[in-house]
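Source file entry03.pdb; content: PDB, C-alpha atoms.
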```pdb
ATOM      1  CA  MET A  12     -89.089 121.892  77.789
ATOM      2  CA  THR A  13     -86.552 123.240  75.327
ATOM      3  CA  LYS A  14     -83.407 124.460  77.002
ATOM      4  CA  HIS A  15     -82.531 128.137  76.795
ATOM      5  CA  PRO A  16     -79.355 128.658  74.688
ATOM      6  CA  ILE A  17     -77.679 130.060  77.805
ATOM      7  CA  GLU A  18     -78.180 126.732  79.621
ATOM      8  CA  HIS A  19     -76.124 125.085  76.877
ATOM      9  CA  VAL A  20     -73.388 127.710  77.257
ATOM     10  CA  ILE A  21     -73.273 127.157  81.024
ATOM     11  CA  ALA A  22     -73.164 123.356  80.567
ATOM     12  CA  LYS A  23     -70.281 123.833  78.117
ATOM     13  CA  ALA A  24     -68.489 126.082  80.624
ATOM     14  CA  ASP A  25     -68.963 123.576  83.467
ATOM     15  CA  THR A  26     -67.525 120.757  81.314
ATOM     16  CA  ALA A  27     -64.617 122.988  80.239
ATOM     17  CA  ILE A  28     -63.861 123.812  83.902
ATOM     18  CA  VAL A  29     -63.854 120.120  84.877
ATOM     19  CA  HIS A  30     -61.590 119.248  81.908
ATOM     20  CA  GLU A  31     -59.432 122.348  82.440
ATOM     21  CA  ASP A  32     -60.082 123.232  78.804
ATOM     22  CA  PHE A  33     -59.324 126.924  79.279
ATOM     23  CA  ASP A  34     -59.387 127.763  75.555
ATOM     24  CA  THR A  35     -63.030 126.708  75.320
ATOM     25  CA  LEU A  36     -63.823 128.235  78.698
ATOM     26  CA  ILE A  37     -62.467 131.671  77.929
ATOM     27  CA  ASN A  38     -64.455 131.939  74.698
ATOM     28  CA  ILE A  39     -67.661 131.832  76.698
ATOM     29  CA  TYR A  40     -66.768 135.263  78.160
ATOM     30  CA  SER A  41     -67.072 138.678  76.522
ATOM     31  CA  ASP A  42     -63.889 140.720  76.133
ATOM     32  CA  ASP A  43     -64.891 143.053  78.972
ATOM     33  CA  ALA A  44     -66.151 140.281  81.275
ATOM     34  CA  VAL A  45     -65.755 140.406  85.052
ATOM     35  CA  LEU A  46     -65.350 137.259  87.170
ATOM     36  CA  VAL A  47     -65.641 137.453  90.955
ATOM     37  CA  ILE A  48     -62.814 135.230  92.230
ATOM     38  CA  LYS A  49     -63.658 135.880  95.846
ATOM     39  CA  PRO A  50     -65.446 138.743  97.592
ATOM     40  CA  GLY A  51     -63.568 141.949  96.764
ATOM     41  CA  MET A  52     -61.276 140.304  94.198
ATOM     42  CA  ASN A  53     -62.271 140.391  90.526
ATOM     43  CA  ALA A  54     -60.632 139.165  87.324
ATOM     44  CA  ILE A  55     -61.309 141.555  84.446
ATOM     45  CA  GLY A  56     -60.973 140.518  80.806
ATOM     46  CA  LYS A  57     -60.008 137.190  79.226
ATOM     47  CA  VAL A  58     -56.325 137.159  80.237
ATOM     48  CA  GLN A  59     -57.066 137.666  83.947
ATOM     49  CA  ILE A  60     -60.035 135.279  83.856
ATOM     50  CA  ARG A  61     -57.913 132.516  82.314
ATOM     51  CA  LYS A  62     -55.220 132.997  84.965
ATOM     52  CA  ALA A  63     -57.891 132.923  87.672
ATOM     53  CA  TYR A  64     -59.267 129.584  86.408
ATOM     54  CA  GLU A  65     -55.753 128.126  86.246
ATOM     55  CA  ALA A  66     -55.205 129.159  89.871
ATOM     56  CA  ILE A  67     -58.639 127.805  90.887
ATOM     57  CA  ALA A  68     -57.911 124.424  89.213
ATOM     58  CA  SER A  69     -54.643 124.191  91.104
ATOM     59  CA  HIS A  70     -56.253 125.327  94.381
ATOM     60  CA  PHE A  71     -58.741 122.436  94.120
ATOM     61  CA  ASN A  72     -56.035 119.858  93.281
ATOM     62  CA  HIS A  73     -57.396 119.545  89.722
ATOM     63  CA  THR A  74     -60.502 117.774  91.053
ATOM     64  CA  LEU A  75     -63.052 120.586  90.777
ATOM     65  CA  HIS A  76     -66.545 119.438  89.874
ATOM     66  CA  ILE A  77     -69.505 121.708  89.143
ATOM     67  CA  GLU A  78     -73.178 120.852  88.895
ATOM     68  CA  GLN A  79     -76.196 123.063  88.324
ATOM     69  CA  ALA A  80     -79.078 122.396  90.705
ATOM     70  CA  GLY A  81     -81.655 124.794  89.304
ATOM     71  CA  MET A  82     -81.560 127.870  87.134
ATOM     72  CA  LYS A  83     -83.783 130.817  86.247
ATOM     73  CA  ILE A  84     -83.125 132.983  83.193
ATOM     74  CA  LEU A  85     -84.641 136.450  82.741
ATOM     75  CA  GLU A  86     -84.170 138.049  79.331
ATOM     76  CA  ALA A  87     -84.531 141.736  78.413
ATOM     77  CA  GLY A  88     -83.373 142.779  74.953
ATOM     78  CA  ASP A  89     -79.817 141.526  74.425
ATOM     79  CA  THR A  90     -79.223 141.031  78.163
ATOM     80  CA  ALA A  91     -80.049 138.086  80.409
ATOM     81  CA  LEU A  92     -79.824 137.571  84.138
ATOM     82  CA  VAL A  93     -79.170 134.018  85.297
ATOM     83  CA  VAL A  94     -79.913 133.107  88.908
ATOM     84  CA  ALA A  95     -78.569 129.634  89.629
ATOM     85  CA  LYS A  96     -77.999 127.138  92.384
ATOM     86  CA  THR A  97     -74.559 125.712  91.686
ATOM     87  CA  VAL A  98     -73.040 122.766  93.541
ATOM     88  CA  VAL A  99     -69.248 122.875  93.727
ATOM     89  CA  SER A 100     -67.134 119.982  94.992
ATOM     90  CA  ALA A 101     -63.474 118.899  94.944
ATOM     91  CA  SER A 102     -61.177 116.470  96.748
ATOM     92  CA  ASN A 103     -60.442 119.121  99.375
ATOM     93  CA  ILE A 104     -63.954 120.558  99.901
ATOM     94  CA  PRO A 105     -67.328 118.922 100.552
ATOM     95  CA  ALA A 106     -70.137 119.544  98.039
ATOM     96  CA  THR A 107     -71.200 123.142  98.612
ATOM     97  CA  GLU A 108     -74.252 124.856  97.137
ATOM     98  CA  ARG A 109     -73.698 128.387  95.957
ATOM     99  CA  SER A 110     -76.221 130.985  94.836
ATOM    100  CA  ALA A 111     -74.611 132.081  91.598
ATOM    101  CA  THR A 112     -75.610 135.082  89.496
ATOM    102  CA  TYR A 113     -74.535 135.665  85.908
ATOM    103  CA  VAL A 114     -75.227 138.366  83.331
ATOM    104  CA  PHE A 115     -75.081 137.257  79.705
ATOM    105  CA  LYS A 116     -75.098 139.462  76.629
ATOM    106  CA  LYS A 117     -76.096 138.475  73.094
ATOM    107  CA  ASN A 118     -73.501 139.560  70.563
ATOM    108  CA  LEU A 119     -74.146 140.595  66.955
ATOM    109  CA  SER A 120     -73.839 136.954  65.787
ATOM    110  CA  GLY A 121     -76.614 135.991  68.210
ATOM    111  CA  ASP A 122     -74.297 134.140  70.625
ATOM    112  CA  TRP A 123     -74.731 134.620  74.355
ATOM    113  CA  LEU A 124     -71.501 135.547  76.144
ATOM    114  CA  CYS A 125     -70.968 135.805  79.877
ATOM    115  CA  GLN A 126     -70.270 139.418  80.856
ATOM    116  CA  ILE A 127     -70.525 139.205  84.646
ATOM    117  CA  ASP A 128     -69.818 135.998  86.575
ATOM    118  CA  ASN A 129     -70.683 136.224  90.243
ATOM    119  CA  SER A 130     -70.552 132.610  91.347
ATOM    120  CA  TYR A 131     -70.544 133.766  94.951
ATOM    121  CA  GLY A 132     -74.014 135.259  94.508
ATOM    122  CA  HIS A 133     -75.506 136.422  97.770
ATOM    123  CA  ASP A 134     -73.289 134.266  99.959
ATOM    124  CA  GLN A 135     -70.483 136.775 100.295
TER     125      GLN A 135
ATOM    126  CA  MET B   2     -66.828 156.197 100.222
ATOM    127  CA  THR B   3     -68.432 157.808  97.186
ATOM    128  CA  LYS B   4     -71.673 156.178  96.220
ATOM    129  CA  HIS B   5     -71.964 154.446  92.877
ATOM    130  CA  PRO B   6     -74.390 156.333  90.570
ATOM    131  CA  ILE B   7     -76.603 153.213  90.569
ATOM    132  CA  GLU B   8     -77.039 153.498  94.355
ATOM    133  CA  HIS B   9     -78.536 156.946  93.787
ATOM    134  CA  VAL B  10     -80.897 155.562  91.127
ATOM    135  CA  ILE B  11     -82.041 152.780  93.486
ATOM    136  CA  ALA B  12     -82.555 155.269  96.341
ATOM    137  CA  LYS B  13     -84.630 157.428  93.969
ATOM    138  CA  ALA B  14     -86.667 154.362  92.955
ATOM    139  CA  ASP B  15     -87.283 153.357  96.581
ATOM    140  CA  THR B  16     -88.504 156.874  97.429
ATOM    141  CA  ALA B  17     -90.701 156.923  94.314
ATOM    142  CA  ILE B  18     -92.245 153.558  95.320
ATOM    143  CA  VAL B  19     -93.005 154.797  98.845
ATOM    144  CA  HIS B  20     -94.552 158.037  97.472
ATOM    145  CA  GLU B  21     -96.325 156.181  94.659
ATOM    146  CA  ASP B  22     -94.656 158.591  92.241
ATOM    147  CA  PHE B  23     -94.992 156.262  89.262
ATOM    148  CA  ASP B  24     -93.876 158.854  86.684
ATOM    149  CA  THR B  25     -90.474 159.128  88.353
ATOM    150  CA  LEU B  26     -90.355 155.391  89.022
ATOM    151  CA  ILE B  27     -90.989 154.304  85.461
ATOM    152  CA  ASN B  28     -88.235 156.549  84.100
ATOM    153  CA  ILE B  29     -85.673 154.520  86.010
ATOM    154  CA  TYR B  30     -86.423 151.548  83.728
ATOM    155  CA  SER B  31     -85.252 150.967  80.149
ATOM    156  CA  ASP B  32     -87.939 150.593  77.460
ATOM    157  CA  ASP B  33     -87.362 146.835  77.253
ATOM    158  CA  ALA B  34     -87.111 146.285  81.031
ATOM    159  CA  VAL B  35     -88.427 143.177  82.752
ATOM    160  CA  LEU B  36     -89.782 143.227  86.322
ATOM    161  CA  VAL B  37     -90.439 139.969  88.173
ATOM    162  CA  ILE B  38     -93.778 140.535  89.945
ATOM    163  CA  LYS B  39     -93.799 137.070  91.490
ATOM    164  CA  PRO B  40     -92.143 133.808  90.457
ATOM    165  CA  GLY B  41     -93.283 132.993  86.929
ATOM    166  CA  MET B  42     -95.050 136.338  86.380
ATOM    167  CA  ASN B  43     -93.151 139.163  84.698
ATOM    168  CA  ALA B  44     -94.083 142.705  83.645
ATOM    169  CA  ILE B  45     -92.374 143.648  80.389
ATOM    170  CA  GLY B  46     -91.933 147.263  79.275
ATOM    171  CA  LYS B  47     -92.911 150.529  80.962
ATOM    172  CA  VAL B  48     -96.707 150.224  80.573
ATOM    173  CA  GLN B  49     -96.860 146.794  82.236
ATOM    174  CA  ILE B  50     -94.321 147.777  84.911
ATOM    175  CA  ARG B  51     -96.339 150.877  85.850
ATOM    176  CA  LYS B  52     -99.534 148.799  86.122
ATOM    177  CA  ALA B  53     -97.668 146.243  88.248
ATOM    178  CA  TYR B  54     -96.495 148.940  90.685
ATOM    179  CA  GLU B  55    -100.018 150.372  90.913
ATOM    180  CA  ALA B  56    -101.317 146.886  91.783
ATOM    181  CA  ILE B  57     -98.470 146.322  94.277
ATOM    182  CA  ALA B  58     -99.228 149.670  96.014
ATOM    183  CA  SER B  59    -102.859 148.703  96.342
ATOM    184  CA  HIS B  60    -101.996 145.145  97.480
ATOM    185  CA  PHE B  61     -99.945 146.610 100.345
ATOM    186  CA  ASN B  62    -102.677 149.097 101.345
ATOM    187  CA  HIS B  63    -100.521 152.023 100.149
ATOM    188  CA  THR B  64     -98.132 151.486 103.079
ATOM    189  CA  LEU B  65     -95.215 149.810 101.274
ATOM    190  CA  HIS B  66     -91.818 150.705 102.656
ATOM    191  CA  ILE B  67     -88.473 149.671 101.157
ATOM    192  CA  GLU B  68     -85.014 149.837 102.687
ATOM    193  CA  GLN B  69     -81.678 148.662 101.342
ATOM    194  CA  ALA B  70     -79.612 146.649 103.824
ATOM    195  CA  GLY B  71     -76.438 146.125 101.803
ATOM    196  CA  MET B  72     -75.554 146.241  98.136
ATOM    197  CA  LYS B  73     -72.791 145.016  95.815
ATOM    198  CA  ILE B  74     -72.347 146.425  92.309
ATOM    199  CA  LEU B  75     -70.308 144.660  89.622
ATOM    200  CA  GLU B  76     -69.669 146.642  86.434
ATOM    201  CA  ALA B  77     -68.596 145.308  83.022
ATOM    202  CA  GLY B  78     -68.690 147.732  80.114
ATOM    203  CA  ASP B  79     -72.135 149.354  79.955
ATOM    204  CA  THR B  80     -73.705 146.645  82.137
ATOM    205  CA  ALA B  81     -73.873 146.313  85.913
ATOM    206  CA  LEU B  82     -75.105 143.552  88.188
ATOM    207  CA  VAL B  83     -76.520 144.658  91.528
ATOM    208  CA  VAL B  84     -76.860 142.102  94.313
ATOM    209  CA  ALA B  85     -78.811 143.617  97.197
ATOM    210  CA  LYS B  86     -80.419 142.814 100.490
ATOM    211  CA  THR B  87     -83.727 144.649 100.455
ATOM    212  CA  VAL B  88     -86.058 144.960 103.438
ATOM    213  CA  VAL B  89     -89.717 145.278 102.489
ATOM    214  CA  SER B  90     -92.465 146.129 104.967
ATOM    215  CA  ALA B  91     -96.108 147.263 104.906
ATOM    216  CA  SER B  92     -99.110 147.446 107.222
ATOM    217  CA  ASN B  93    -100.124 143.915 106.215
ATOM    218  CA  ILE B  94     -96.686 142.200 106.195
ATOM    219  CA  PRO B  95     -93.852 142.114 108.733
ATOM    220  CA  ALA B  96     -90.433 143.459 107.635
ATOM    221  CA  THR B  97     -89.057 140.840 105.242
ATOM    222  CA  GLU B  98     -85.520 140.679 103.869
ATOM    223  CA  ARG B  99     -85.256 139.750 100.210
ATOM    224  CA  SER B 100     -82.193 138.901  98.145
ATOM    225  CA  ALA B 101     -82.764 141.170  95.177
ATOM    226  CA  THR B 102     -80.853 141.114  91.905
ATOM    227  CA  TYR B 103     -80.895 143.879  89.314
ATOM    228  CA  VAL B 104     -79.205 144.413  85.956
ATOM    229  CA  PHE B 105     -78.580 148.019  84.976
ATOM    230  CA  LYS B 106     -77.490 149.330  81.596
ATOM    231  CA  LYS B 107     -75.774 152.634  80.852
ATOM    232  CA  ASN B 108     -77.486 154.494  78.007
ATOM    233  CA  LEU B 109     -75.808 156.794  75.480
ATOM    234  CA  SER B 110     -76.284 159.806  77.794
ATOM    235  CA  GLY B 111     -74.380 157.984  80.538
ATOM    236  CA  ASP B 112     -77.468 157.328  82.699
ATOM    237  CA  TRP B 113     -77.917 153.922  84.319
ATOM    238  CA  LEU B 114     -81.349 152.398  83.661
ATOM    239  CA  CYS B 115     -82.761 149.257  85.215
ATOM    240  CA  GLN B 116     -83.184 146.554  82.563
ATOM    241  CA  ILE B 117     -83.925 143.509  84.739
ATOM    242  CA  ASP B 118     -85.523 143.793  88.180
ATOM    243  CA  ASN B 119     -85.607 140.526  90.089
ATOM    244  CA  SER B 120     -86.521 141.651  93.571
ATOM    245  CA  TYR B 121     -87.314 138.053  94.470
ATOM    246  CA  GLY B 122     -83.680 137.102  93.891
ATOM    247  CA  HIS B 123     -82.891 133.581  94.986
ATOM    248  CA  ASP B 124     -85.873 133.280  97.298
ATOM    249  CA  GLN B 125     -88.273 131.975  94.694
TER     250      GLN B 125
END
```
How does this structure look as C-alpha coordinates?
Amino acid sequence: MTKHPIEHVIAKADTAIVHEDFDTLINIYSDDAVLVIKPGMNAIGKVQIRKAYEAIASHFNHTLHIEQAGMKILEAGDTALVVAKTVVSASNIPATERSATYVFKKNLSGDWLCQIDNSYGHDQ
Amino acid sequence: MTKHPIEHVIAKADTAIVHEDFDTLINIYSDDAVLVIKPGMNAIGKVQIRKAYEAIASHFNHTLHIEQAGMKILEAGDTALVVAKTVVSASNIPATERSATYVFKKNLSGDWLCQIDNSYGHDQ
(Lines of atoms letter the chains of each structure in order from A and count residues from 1; the text may use other names and numbers.)
(Lines give C-alpha, C1' and ligand atoms only; values in the text may rest on other atoms or scores of the structure.)
Protein backbone atom coordinates (compact mmCIF):
# COMPACT_ATOMS: atom_id res chain seq x y z
CA MET A 1 0.00 0.00 0.00
CA THR A 2 1.29 3.45 -0.86
CA LYS A 3 2.17 5.48 2.19
CA HIS A 4 0.19 8.63 2.92
CA PRO A 5 2.42 11.74 2.54
CA ILE A 6 1.86 12.43 6.24
CA GLU A 7 3.49 9.09 7.14
CA HIS A 8 6.63 10.30 5.39
CA VAL A 9 6.53 13.59 7.31
CA ILE A 10 6.17 11.73 10.62
CA ALA A 11 9.03 9.35 9.72
CA LYS A 12 11.17 12.40 8.89
CA ALA A 13 10.22 14.00 12.23
CA ASP A 14 11.06 10.82 14.17
CA THR A 15 14.49 10.61 12.50
CA ALA A 16 15.10 14.32 13.15
CA ILE A 17 14.22 13.84 16.85
CA VAL A 18 16.62 10.89 17.18
CA HIS A 19 19.41 12.86 15.43
CA GLU A 20 18.55 16.06 17.30
CA ASP A 21 18.28 17.78 13.92
CA PHE A 22 16.07 20.59 15.21
CA ASP A 23 16.25 22.66 12.01
CA THR A 24 14.61 19.85 10.04
CA LEU A 25 12.25 19.05 12.90
CA ILE A 26 10.90 22.55 13.31
CA ASN A 27 10.08 22.88 9.61
CA ILE A 28 7.57 20.07 9.95
CA TYR A 29 5.42 22.38 12.13
CA SER A 30 3.16 25.23 11.04
CA ASP A 31 3.93 28.69 12.40
CA ASP A 32 0.98 28.54 14.80
CA ALA A 33 1.59 24.93 15.88
CA VAL A 34 0.94 23.71 19.42
CA LEU A 35 2.97 20.91 21.02
CA VAL A 36 1.81 19.31 24.27
CA ILE A 37 5.00 18.94 26.33
CA LYS A 38 3.18 17.40 29.25
CA PRO A 39 -0.43 17.60 30.42
CA GLY A 40 -1.26 21.27 30.98
CA MET A 41 2.00 22.55 29.48
CA ASN A 42 2.08 23.53 25.80
CA ALA A 43 4.75 24.97 23.52
CA ILE A 44 3.24 27.40 21.02
CA GLY A 45 5.00 28.37 17.79
CA LYS A 46 8.35 27.30 16.34
CA VAL A 47 10.62 29.05 18.86
CA GLN A 48 8.95 27.44 21.89
CA ILE A 49 8.67 24.06 20.15
CA ARG A 50 12.39 24.05 19.33
CA LYS A 51 13.27 24.90 22.94
CA ALA A 52 10.94 22.14 24.14
CA TYR A 53 12.66 19.54 21.93
CA GLU A 54 16.08 20.69 23.13
CA ALA A 55 14.92 20.24 26.73
CA ILE A 56 13.35 16.84 25.92
CA ALA A 57 16.61 15.63 24.27
CA SER A 58 18.55 16.64 27.36
CA HIS A 59 15.94 15.12 29.71
CA PHE A 60 16.38 11.75 27.96
CA ASN A 61 20.20 11.92 28.04
CA HIS A 62 20.30 12.35 24.25
CA THR A 63 19.17 8.74 23.79
CA LEU A 64 15.53 9.27 22.83
CA HIS A 65 14.20 6.77 20.32
CA ILE A 66 10.77 6.88 18.69
CA GLU A 67 8.97 4.20 16.72
CA GLN A 68 5.50 4.17 15.20
CA ALA A 69 3.52 1.01 15.93
CA GLY A 70 0.40 1.71 13.90
CA MET A 71 -1.24 4.78 12.46
CA LYS A 72 -4.62 5.86 11.12
CA ILE A 73 -5.04 9.00 9.02
CA LEU A 74 -8.42 10.68 8.45
CA GLU A 75 -8.49 13.46 5.87
CA ALA A 76 -11.14 16.17 5.43
CA GLY A 77 -10.34 19.00 3.03
CA ASP A 78 -6.95 20.47 3.95
CA THR A 79 -7.02 18.95 7.45
CA ALA A 80 -5.98 15.50 8.65
CA LEU A 81 -6.29 13.75 11.98
CA VAL A 82 -3.59 11.21 12.78
CA VAL A 83 -4.24 8.65 15.52
CA ALA A 84 -1.03 6.76 16.25
CA LYS A 85 0.51 4.24 18.58
CA THR A 86 3.98 5.59 19.28
CA VAL A 87 6.68 3.70 21.17
CA VAL A 88 9.11 5.96 23.03
CA SER A 89 12.30 4.70 24.67
CA ALA A 90 15.53 6.15 26.09
CA SER A 91 18.39 5.10 28.35
CA ASN A 92 16.43 6.29 31.38
CA ILE A 93 12.94 4.98 30.50
CA PRO A 94 11.69 1.57 29.35
CA ALA A 95 9.92 1.36 25.97
CA THR A 96 6.53 2.98 26.53
CA GLU A 97 3.60 2.95 24.12
CA ARG A 98 1.73 6.20 23.83
CA SER A 99 -1.56 6.95 22.09
CA ALA A 100 -0.54 10.00 20.10
CA THR A 101 -2.88 12.34 18.23
CA TYR A 102 -1.78 14.85 15.61
CA VAL A 103 -3.59 17.36 13.41
CA PHE A 104 -1.91 18.17 10.11
CA LYS A 105 -2.81 20.95 7.69
CA LYS A 106 -2.00 21.12 3.98
CA ASN A 107 -0.47 24.45 3.04
CA LEU A 108 -0.84 26.26 -0.28
CA SER A 109 2.20 24.41 -1.71
CA GLY A 110 0.49 21.10 -0.93
CA ASP A 111 2.82 20.21 1.97
CA TRP A 112 1.37 18.75 5.15
CA LEU A 113 2.49 20.58 8.29
CA CYS A 114 1.84 19.55 11.87
CA GLN A 115 -0.47 22.06 13.57
CA ILE A 116 -1.32 20.20 16.78
CA ASP A 117 1.00 17.62 18.33
CA ASN A 118 -0.55 15.75 21.23
CA SER A 119 1.86 12.88 21.75
CA TYR A 120 0.25 12.21 25.11
CA GLY A 121 -3.03 11.36 23.39
CA HIS A 122 -5.58 9.93 25.79
CA ASP A 123 -3.04 8.87 28.40
CA GLN A 124 -3.01 12.13 30.30
CA MET B 1 -14.30 27.76 34.65
CA THR B 2 -15.85 29.16 31.48
CA LYS B 3 -16.66 26.50 28.96
CA HIS B 4 -14.89 26.50 25.62
CA PRO B 5 -17.35 27.31 22.78
CA ILE B 6 -16.62 23.84 21.35
CA GLU B 7 -17.95 22.22 24.55
CA HIS B 8 -21.27 23.95 23.88
CA VAL B 9 -21.29 22.67 20.28
CA ILE B 10 -20.60 19.10 21.46
CA ALA B 11 -23.34 19.35 24.12
CA LYS B 12 -25.74 20.58 21.41
CA ALA B 13 -24.71 17.66 19.17
CA ASP B 14 -25.21 15.11 21.97
CA THR B 15 -28.71 16.47 22.68
CA ALA B 16 -29.53 16.47 18.96
CA ILE B 17 -28.40 12.81 18.68
CA VAL B 18 -30.57 11.77 21.65
CA HIS B 19 -33.60 13.65 20.21
CA GLU B 20 -32.85 12.47 16.67
CA ASP B 21 -32.91 16.12 15.62
CA PHE B 22 -30.83 15.53 12.50
CA ASP B 23 -31.35 19.04 11.08
CA THR B 24 -29.63 20.57 14.10
CA LEU B 25 -27.05 17.79 14.21
CA ILE B 26 -25.92 18.12 10.62
CA ASN B 27 -25.37 21.87 10.96
CA ILE B 28 -22.63 21.21 13.49
CA TYR B 29 -20.53 19.64 10.71
CA SER B 30 -18.54 21.41 7.98
CA ASP B 31 -19.49 20.65 4.35
CA ASP B 32 -16.39 18.48 3.88
CA ALA B 33 -16.67 16.70 7.26
CA VAL B 34 -15.72 13.07 7.75
CA LEU B 35 -17.45 10.83 10.32
CA VAL B 36 -15.99 7.43 11.20
CA ILE B 37 -19.02 5.11 11.37
CA LYS B 38 -16.92 2.07 12.23
CA PRO B 39 -13.27 1.22 11.58
CA GLY B 40 -12.69 1.43 7.83
CA MET B 41 -16.12 2.91 7.05
CA ASN B 42 -16.48 6.68 6.81
CA ALA B 43 -19.38 9.01 5.97
CA ILE B 44 -18.19 12.01 3.98
CA GLY B 45 -20.21 15.23 3.71
CA LYS B 46 -23.55 16.21 5.24
CA VAL B 47 -25.79 13.90 3.18
CA GLN B 48 -23.83 10.76 4.09
CA ILE B 49 -23.41 11.85 7.72
CA ARG B 50 -27.17 12.41 8.10
CA LYS B 51 -27.90 8.96 6.63
CA ALA B 52 -25.30 7.43 8.97
CA TYR B 53 -26.96 8.99 12.04
CA GLU B 54 -30.39 7.79 10.88
CA ALA B 55 -28.98 4.25 10.58
CA ILE B 56 -27.22 4.54 13.96
CA ALA B 57 -30.49 5.69 15.65
CA SER B 58 -32.31 2.72 14.19
CA HIS B 59 -29.46 0.31 15.07
CA PHE B 60 -29.75 1.37 18.72
CA ASN B 61 -33.57 1.05 18.76
CA HIS B 62 -33.93 4.85 19.08
CA THR B 63 -32.59 4.70 22.65
CA LEU B 64 -29.05 6.01 22.10
CA HIS B 65 -27.71 8.09 24.96
CA ILE B 66 -24.40 9.98 24.96
CA GLU B 67 -22.54 11.53 27.87
CA GLN B 68 -19.17 13.25 27.98
CA ALA B 69 -16.91 12.07 30.80
CA GLY B 70 -13.96 14.43 30.34
CA MET B 71 -12.65 16.54 27.51
CA LYS B 72 -9.41 18.29 26.50
CA ILE B 73 -9.34 20.97 23.79
CA LEU B 74 -6.13 22.06 22.06
CA GLU B 75 -6.41 25.12 19.81
CA ALA B 76 -3.99 26.24 17.07
CA GLY B 77 -5.13 29.05 14.81
CA ASP B 78 -8.56 28.18 13.37
CA THR B 79 -8.17 24.48 14.22
CA ALA B 80 -8.88 22.60 17.44
CA LEU B 81 -8.25 19.03 18.51
CA VAL B 82 -10.72 17.58 21.00
CA VAL B 83 -9.75 14.47 22.95
CA ALA B 84 -12.76 13.17 24.86
CA LYS B 85 -14.00 10.31 26.94
CA THR B 86 -17.51 9.62 25.71
CA VAL B 87 -19.95 7.23 27.37
CA VAL B 88 -22.42 5.66 24.95
CA SER B 89 -25.41 3.59 26.06
CA ALA B 90 -28.64 2.23 24.55
CA SER B 91 -31.30 -0.38 25.30
CA ASN B 92 -29.25 -3.01 23.45
CA ILE B 93 -25.73 -2.14 24.71
CA PRO B 94 -24.32 -1.55 28.20
CA ALA B 95 -22.74 1.87 28.93
CA THR B 96 -19.44 1.86 27.04
CA GLU B 97 -16.65 4.41 27.37
CA ARG B 98 -15.01 5.43 24.11
CA SER B 99 -11.90 7.51 23.52
CA ALA B 100 -13.24 9.96 20.97
CA THR B 101 -11.20 12.40 18.91
CA TYR B 102 -12.61 15.35 16.99
CA VAL B 103 -11.12 18.10 14.85
CA PHE B 104 -13.04 21.36 14.77
CA LYS B 105 -12.49 24.30 12.45
CA LYS B 106 -13.52 27.91 13.03
CA ASN B 107 -15.36 29.35 10.02
CA LEU B 108 -15.31 32.97 8.86
CA SER B 109 -18.27 33.82 11.13
CA GLY B 110 -16.31 32.57 14.14
CA ASP B 111 -18.39 29.39 14.59
CA TRP B 112 -16.63 26.11 15.34
CA LEU B 113 -17.71 23.28 13.02
CA CYS B 114 -16.77 19.63 13.32
CA GLN B 115 -14.56 18.60 10.39
CA ILE B 116 -13.38 15.16 11.55
CA ASP B 117 -15.41 13.00 13.93
CA ASN B 118 -13.57 9.91 15.11
CA SER B 119 -15.75 8.71 17.95
CA TYR B 120 -13.93 5.39 17.88
CA GLY B 121 -10.69 7.13 18.84
CA HIS B 122 -7.91 4.72 19.65
CA ASP B 123 -10.20 1.79 20.33
CA GLN B 124 -10.31 0.52 16.78
key: Gap from CA of Thr112 in chain A to CA of Gln79 in chain A - Å, one decimal   = 12.1 Å
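Listed by chain and then by number, the residues chosen by the PyMOL selection byres ((chain A) within 9 of (chain B)) in this file are Asp43, Ala44, Val45, Val47, Ile55, Leu85, Glu86, Ala87, Gly88, Thr90, Ala91, Leu92, Val94, Ala95, Lys96, Ser110, Thr112, Tyr113, Val114, Gln126, Ile127, Asn129, Gly132 and His133 of chain A.
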query = Suppose you want the space between CA of Lys4 in chain B and CA of Ile27 in chain B; what is it in Å?
reply = 22.2 Å
task = Give as JSON, numbers by chain the residues that the PyMOL selection byres ((chain A and resi 23) around 12) matches when applied to the coordinates above.
result = {"A": [16, 17, 18, 19, 20, 21, 22, 24, 25, 26, 27, 28, 29, 30, 31, 32, 33, 34, 35, 36, 37, 38, 39, 40, 77, 78, 79, 124]}
Output of the PyMOL selection byres ((chain A and resi 99) around 9), listed as a list in words =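 After applying the PyMOL selection byres ((chain A and resi 99) around 9), what remains is Leu75, His76, Ile77, Glu78, Gln79, Thr97, Val98, Ser100, Ala101, Ile104, Pro105, Ala106, Thr107, Glu108 and Arg109 of chain A.
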request  = Considering all atoms listed in the file, return as a VMD selection string whatever protein or nucleic-acid residues lie within 12 Å of His70 in chain A, sequence-local ones (same chain, fewer than 4 positions apart) excluded.
outcome  = chain A and resid 63 to 66 74 to 75 101 to 104
ask   = Distance CA of His5 in chain B-CA of Leu109 in chain B, one decimal place?
value = 18.0 Å
